[in-house]
Each structure stands twice: as structure tokens, then as C-alpha cells.
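For reference, the structure is listed below as C-alpha cells.
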Amino acid sequence: MTTTAFRPATRANRAVGPDGPQIGSRPPLRGLLPFVALLVLWQLFGTDDSTFFPRPSTWLPAVVEFAESGELATALAGTAVTFTVGLLLATAIGVVLGVVVGSVRFVDRMLNPFLEFVRAMPSSAQVPIFVLILGFTESMKLTVVVLTAMFPVLLSTRSGMREMNPVLLDVARTLHLSRYDRIRKIVVPSLFSSILTGVRIATPVVLIVTLIVEILTQVPGLGGSLSLAQQYYQTSLAYGLIVITTVVALGVNIAIGLIDERLFRHRRR
Amino acid sequence: MTTQAQRARPLGPRLLAKINLPGVTFLIVLFAVWEAADRAGLIDLMFLPRPSEILSAGATLIAQNAFLPTVGHTVSVTLTGWAIASCSGLMIGFALGMSRRVWVYSMSTIELFRALPSVVLLPIAVLVFGFSVQMELVLVIVSAQWPVMVSAVDGVRLVPQGLRDTATTLRLGRLETARKIILPAALPKVLVGLRLSLALSLILTVAAEMLGNPAGMGNALVEAQEALQADQMFFYFLSIGLLGVLLNAAFVFLARLIAPGHHLRFAEAGS
């Protein structure tokens, strides 16, 4: 535990709940050794013109060429737009449904089998359905993303509603707050951390599903470019795009971690 | 006394009482409204079939003996891939969780590969392995092991010190400690990881069949879409969803048999 001392012990204890996000102690960078060894061996024993495993040194020129043609920017923008709009819509819809389902037990019971079914539906299988109904469009991409990613928010909001202190609602009643004021002043603030937990779980899901849809339909985006690179046997470019995707995903993960740390530490102190 | 009376009740009524009536009613009403609205011309989407059309397309597919082999392929690939991924994920996870040195010198690599959304490996897998079952399996195995591995690492690292001390006191060897102390203590977390990776296996199998290997339900779905056979496509789509529900239910059932004490927390973790 010596290398992980920069994180307070209390956080490590709190961090791992039954299904909570895993914010254990951070592993040291020495752990990248096997990865570096793999790359070095690949570079030493690979060839430049291999169809399947071109050397790592050929990835960068391929990506640079792709970027100079302007396609990389288009791809990144496509993914970024779907990611942002998808996350916002999934959060909004998830919160609304979560509040409804969490406050009326009968509705919860009624919608449960339907929601369970939608949740169990593999996102990859939804793609052809919405391609046929909506075509190869941005709205198709968004529909699949939102349908999958709203569930973490919904479930987390629902459990937040259930765990809400009933005294708070009594306070609202005593003060004769209107329905709007009750939601704005009591419900939303006390749900804040549950919603945030849901959003944190949903964020990587949004990215992954965006990429799934792009890869399967080859619509503009990082995934689409990757799929096309595979079709044209531009293997170096495909590996380069995978590296870029990993960097994007890591960036998203780190951003979630930072936001989470700041907000929750603030709320807990 | 009451509990005895409850136990004495025959199985039929007990099962009936478990059925979620409002939920089932809602589903039936949903399909009825869909059917009625379509017949009345209220929904005018070109490629949205009626529920009755979907059912008859499904009946035809089953009668032609085209449906069940497809399902068999997808289920066998999903389960085989999941089983192999679980074994390798568990072994690597235990090694990482139990040995400080292994953790220090490889955990960051694991985190790096885990951050990579597994679907992006699909194009590479198609390139390297071609349109084959191997491609499907490799994709599923490589991707589905991460949830198991990570939950095993966490489960092992969270085993209370008291239990570890017990193992030391009893002078258990490494393997015995893993089998008799660590595994039972880490089981609830491991089960959550296994469940996540089962769902992931199905998603990836279907995706691999859609883009790569021309077999199984994913491929049938895409073929129906390309042939503009919306009724068949919806039938496959709903079947895949049902398969997801069934696989999950089967897993939860087995998990409760294996770890009966933990089922409550387990249910919460998933739902």
C-alpha cells in the first residue's frame, strides 16, 4: 500500500460499494511495463507491410495522413456530438423516468417487465431496427445511445427516490410548497448525488454504444472510420485509430474521476 | 405456524402470486395498442410491422427450421466465450489481487486495455481472423474477461484482514488460501462481474455476427434488414432481447444456489 498513500484512506474505504464505481487505490505507472514490452517486441520483430500486425512505427504516419485529409476532425466531431447530446438526453430522460418510477410504486411494478426487457436488449441488436426505421442518420445513432445509456441514470435516480428521507417531504407539505417548488427545492437537491452516480456509470456506456453504432453502420465518427479502415485493409490506420479511441476513453474516465472527486469530497466534508 | 402453512401451499398458487400482474398487463396492452393503431392507420412508419405480422413471420421461420439452429449458434458462442473469459479473468484477477508484485508490475497495463472500448477490436478481429467462429470467440473472450478480472481483483483486495490472518494461522498454502478463504469471501463481487460479462458476451457475439461471421442471430437480423423483411427482423430482435433476459435469469438462479446468503445484495447490485 506504500505507493498509494497520496489518496486518503477514508476514500479508499468508501470507494468500493456493492455495485459502485471502482475507485480503488491507483496502480503505479511501473505496471505499464508489460505493455511497453509488447510494443517493443512488436516493433523489433514486426514488418512494415504486414497485413495484420504492422509495426507500431507505421501507425503515426497513417494517422497523420488521415488527419491531413481532414477526415480525422470530421470523425472526432461526429463522435463528440453524439457523445455529448446522447449523455445529456440520457440523463434528462433517465432522471424524469426515475423520479416517476421511484415515486409511484404501482407505476414501477407496471413498467418493470418492459424496462427489464429493454435493458436486457443488446445495444448491437438495436442498431438494424433503428437503421430501418430512421435510416443512417444522427437520430438513429442517438436513439440507440439514449435507450441504452438512460438506464444507469434511471435506476440510480429510482433508488435515490426510495431512500429519500420522508421527513423532507413532510417539511414541504408543512410549508405548503407548490409541486414545482417541492421538486425544485426538495427533490432535486436530495437526489443530486444519486443522479450524479448514475451519470458517472452512464458516461462510459454512452461512449461505448456510440462506437458500437458507428462501427456497425459506418456512419461518420471514430468507429465509422475504424470500420472503413478495416474494409480497405488500412491496418496501420486501424491501429492508430484504436490508440486515439483509447486516449479519448481514458480522457473521459479521468474526467469523470476528477469531477467525482471534487463534487463528492466537497459534499462529504 | 404461518410459515409452515405457507410452505405447505402447493407450488401453483405460489408461482401465480409471484407473477407481476400489472407488468404483464402493461406489456399486453402495449402490443394491443400497437396492433390497433397500426390497423387504424395511426402509425405510418414504413418499416414498422404489426405484432401479429411479427408472430406469423416467427412461426414461418420456426417451421422452416431456420430459427433454432441460428439461436443455437449464438447461444453456444456466447456461453463458450463467456466460460473461457471467466476462467482467464478469474485466474488473472486472483493473481493480481493476491500478489502485490504482480499487481504493481501489470495493473496499469490492465487498466489501459480495459479503458479501450472492446468493440473497437471488432474490425481488427475481422481483419486477422476473417469471417469465422474463431473471430467471434476471440472477440468475446478478450473483451468479456475485463469485468470478471476487475471484480476479482477488488473482491480479493477487500477480503478482511481477519480472514487472511486465519489462513496464516492455519498455515494454509497459497492455493489452499485462494480456494478455501479468498474465493468464498470474494464470491459476491465475483458474481457481479460474471453477470456483467455474460451480458457483454451476448452483446459482442451479436455484434460480431452482424459485422463478421455470417451465422447466428446477429447475422439473421442484418440479413432480414437488408432484405427489408421488417417482420422477420423484429422477430429476431425480440428473440435476442428474450435471450438476454433468459440468460440473465438463469445466471441469477444459479448464483443464488451457489451463494444463497448473498442474494439480496446481489439482486440490488444488478437491478
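How things are named: the first chain in the C-alpha cells is A, the next is B, and so on; residues count from 1 in each chain; ligands count from 1 in the order shown.
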Residues of chain B that have any atom at most 8 Å from an atom of chain A: could you tabulate them with the shortest-distance atom pair and the distance in Å to one decimal, using only C-alpha atoms, ordered by chain and increasing number, as a tab-separated table?
```
residue	atom	partner	partner_atom	distance
B:Asn20	CA	A:Arg109	CA	7.2
B:Leu21	CA	A:Met110	CA	7.8
B:Pro22	CA	A:Met110	CA	4.7
B:Gly23	CA	A:Met110	CA	3.9
B:Val24	CA	A:Pro113	CA	7.2
B:Thr25	CA	A:Met110	CA	7.8
B:Phe26	CA	A:Met110	CA	6.2
B:Leu27	CA	A:Phe114	CA	6.6
B:Leu45	CA	A:Ile133	CA	7.2
B:Met46	CA	A:Ile133	CA	7.4
B:Phe47	CA	A:Ile133	CA	5.9
B:Leu48	CA	A:Ile133	CA	7.2
B:Trp103	CA	A:Gly31	CA	7.3
B:Val104	CA	A:Gly31	CA	5.4
B:Tyr105	CA	A:Gly31	CA	3.8
B:Ser106	CA	A:Gly31	CA	4.0
B:Met107	CA	A:Gly31	CA	5.3
B:Ser108	CA	A:Gly31	CA	4.5
B:Thr109	CA	A:Leu32	CA	4.7
B:Leu112	CA	A:Leu250	CA	7.7
B:Ala115	CA	A:Leu250	CA	5.9
B:Leu116	CA	A:Thr246	CA	4.8
B:Pro117	CA	A:Ile208	CA	5.8
B:Val119	CA	A:Ile212	CA	6.1
B:Val120	CA	A:Ile242	CA	6.6
B:Leu121	CA	A:Ile242	CA	7.9
B:Pro123	CA	A:Gln230	CA	5.6
B:Ile124	CA	A:Gln230	CA	6.8
B:Val126	CA	A:Gln230	CA	7.9
B:Leu127	CA	A:Gln230	CA	6.4
B:Val128	CA	A:Phe52	CA	5.6
B:Asp154	CA	A:Gln22	CA	7.9
B:Lys189	CA	A:Pro18	CA	7.3
B:Val192	CA	A:Asp19	CA	7.8
B:Ala199	CA	A:Ala120	CA	7.7
B:Leu202	CA	A:Pro122	CA	7.0
B:Ile203	CA	A:Pro122	CA	4.9
B:Leu204	CA	A:Ser124	CA	7.6
B:Val206	CA	A:Ser124	CA	6.5
B:Ala207	CA	A:Ser124	CA	5.4
B:Met210	CA	A:Leu216	CA	7.5
B:Leu211	CA	A:Leu216	CA	6.4
B:Gly218	CA	A:Ala125	CA	6.9
B:Leu221	CA	A:Pro128	CA	7.2
B:Val222	CA	A:Pro128	CA	6.4
B:Gln225	CA	A:Pro128	CA	6.4
B:Leu228	CA	A:Leu132	CA	7.8
B:Ala230	CA	A:Leu132	CA	8.0
B:Met233	CA	A:Ile129	CA	7.4
B:Phe234	CA	A:Ile129	CA	7.3
B:Phe237	CA	A:Ala125	CA	6.3
B:Ile240	CA	A:Met121	CA	6.8
B:Gly241	CA	A:Met121	CA	4.3
B:Leu242	CA	A:Phe117	CA	7.2
B:Gly244	CA	A:Ala120	CA	5.2
B:Val245	CA	A:Ala120	CA	5.6
B:Arg265	CA	A:Pro18	CA	7.4
B:Ala269	CA	A:Asp19	CA	5.1
B:Gly270	CA	A:Asp19	CA	7.7
B:Ser271	CA	A:Leu155	CA	7.3
```
Find the residues around region 42-45 of chain A up to 10 Å (only C-alpha atoms counted), leave out those fewer than 4 positions away in its own chain, and share them as a PDB file with C-alpha atoms, in the first residue's frame.
```
ATOM      1  CA  VAL A  36       5.766  -1.327 -23.250  1.00  0.00           C
ATOM      2  CA  ALA A  37       7.488  -4.708 -23.625  1.00  0.00           C
ATOM      3  CA  LEU A  38       4.739  -5.798 -26.018  1.00  0.00           C
ATOM      4  CA  PHE A  53       0.240  -6.654 -37.462  1.00  0.00           C
ATOM      5  CA  PRO A  54       2.089  -3.682 -38.959  1.00  0.00           C
ATOM      6  CA  ARG A  55       4.788  -2.253 -36.703  1.00  0.00           C
ATOM      7  CA  PRO A  56       3.800   0.454 -34.225  1.00  0.00           C
ATOM      8  CA  SER A  57       6.082   2.929 -36.027  1.00  0.00           C
ATOM      9  CA  THR A  58       3.834   2.803 -39.094  1.00  0.00           C
TER      10      THR A  58
END
```
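In terms of minimum interatomic distance to Ile54 (chain B), B:Glu35 ranks closest within B:Gly173, B:Leu137, B:Glu35, B:Ala40, counting only C-alpha atoms.
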Checklist line | d(CA of Ala249 (chain B), CA of Gly89 (chain B)) in Å | finding: 22.0 Å
Check: Skipping near chain neighbours, those fewer than 2 positions away, what residues fall within 7 Å of Ser201 (chain B) using only C-alpha atoms, listed as a ChimeraX atom specification?
Finding: /B:78,81-82,140,144,197-199,203-205
Note to self: Report, in Å with one decimal, the straight-line distance from CA of Val95 (chain A) to CA of Arg182 (chain A).
What the structure shows: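 Atom-to-atom, CA of Val95 (chain A) to CA of Arg182 (chain A), that is 15.9 Å.
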Next item on the list: Report the residues of region 34-231 of chain B whose backbone DSSP state falls under alpha helix (DSSP H), written as a ChimeraX atom specification.
Entry: /B:34-39,51-63,67-98,100-115,121-129,133-157,161-169,174-176,183-211,216-226,230-231
Margin query: Between CA of Met150 (chain A) and CA of Gly94 (chain A), what is the distance in Å, rounded to a tenth?
Written below: 4.7 Å
Check: Between B:Ala83, B:Ala32, B:Leu246, B:Val190, which has the minimum distance to Ser52 (chain B) (counting only C-alpha atoms)?
Finding: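 Using only C-alpha atoms, Ser52 (chain B) sits closest to B:Ala32.
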Applying 8 Å and only C-alpha atoms, which residues near region 84-88 of chain A remain after dropping the ones on its own chain fewer than 3 positions away? List them as an mmCIF file with N, CA and C atoms, in the first residue's frame.
```cif
data_model
loop_
_atom_site.group_PDB
_atom_site.id
_atom_site.type_symbol
_atom_site.label_atom_id
_atom_site.label_comp_id
_atom_site.auth_asym_id
_atom_site.auth_seq_id
_atom_site.Cartn_x
_atom_site.Cartn_y
_atom_site.Cartn_z
ATOM 1 N N ALA A 80 -17.945 13.138 -30.966
ATOM 2 C CA ALA A 80 -18.114 14.064 -29.845
ATOM 3 C C ALA A 80 -19.545 14.572 -29.757
ATOM 4 N N VAL A 81 -20.156 14.889 -30.919
ATOM 5 C CA VAL A 81 -21.533 15.401 -30.897
ATOM 6 C C VAL A 81 -22.474 14.346 -30.333
ATOM 7 N N THR A 91 -29.388 11.495 -19.602
ATOM 8 C CA THR A 91 -29.536 11.975 -18.233
ATOM 9 C C THR A 91 -30.935 12.543 -18.015
ATOM 10 N N ALA A 92 -31.383 13.398 -18.939
ATOM 11 C CA ALA A 92 -32.692 14.030 -18.766
ATOM 12 C C ALA A 92 -33.794 12.977 -18.706
ATOM 13 N N LEU A 142 -28.380 8.471 -32.046
ATOM 14 C CA LEU A 142 -28.776 8.985 -30.735
ATOM 15 C C LEU A 142 -29.792 8.086 -30.056
ATOM 16 N N VAL A 145 -28.122 5.091 -28.529
ATOM 17 C CA VAL A 145 -27.286 5.505 -27.399
ATOM 18 C C VAL A 145 -28.155 5.828 -26.184
ATOM 19 N N VAL A 146 -29.200 6.623 -26.401
ATOM 20 C CA VAL A 146 -30.021 7.064 -25.274
ATOM 21 C C VAL A 146 -30.775 5.885 -24.659
ATOM 22 N N ALA A 149 -28.151 4.071 -22.563
ATOM 23 C CA ALA A 149 -27.424 4.774 -21.508
ATOM 24 C C ALA A 149 -28.334 5.409 -20.466
ATOM 25 N N VAL A 199 -25.045 9.176 -13.704
ATOM 26 C CA VAL A 199 -24.378 9.790 -14.853
ATOM 27 C C VAL A 199 -22.957 9.252 -14.993
ATOM 28 N N ALA A 202 -23.170 6.036 -16.536
ATOM 29 C CA ALA A 202 -23.676 6.116 -17.905
ATOM 30 C C ALA A 202 -22.634 6.649 -18.879
ATOM 31 N N THR A 203 -21.702 7.480 -18.397
ATOM 32 C CA THR A 203 -20.789 8.150 -19.322
ATOM 33 C C THR A 203 -19.975 7.179 -20.185
ATOM 34 N N VAL A 206 -22.217 5.561 -22.767
ATOM 35 C CA VAL A 206 -22.528 6.410 -23.921
ATOM 36 C C VAL A 206 -21.411 6.301 -24.959
#
```
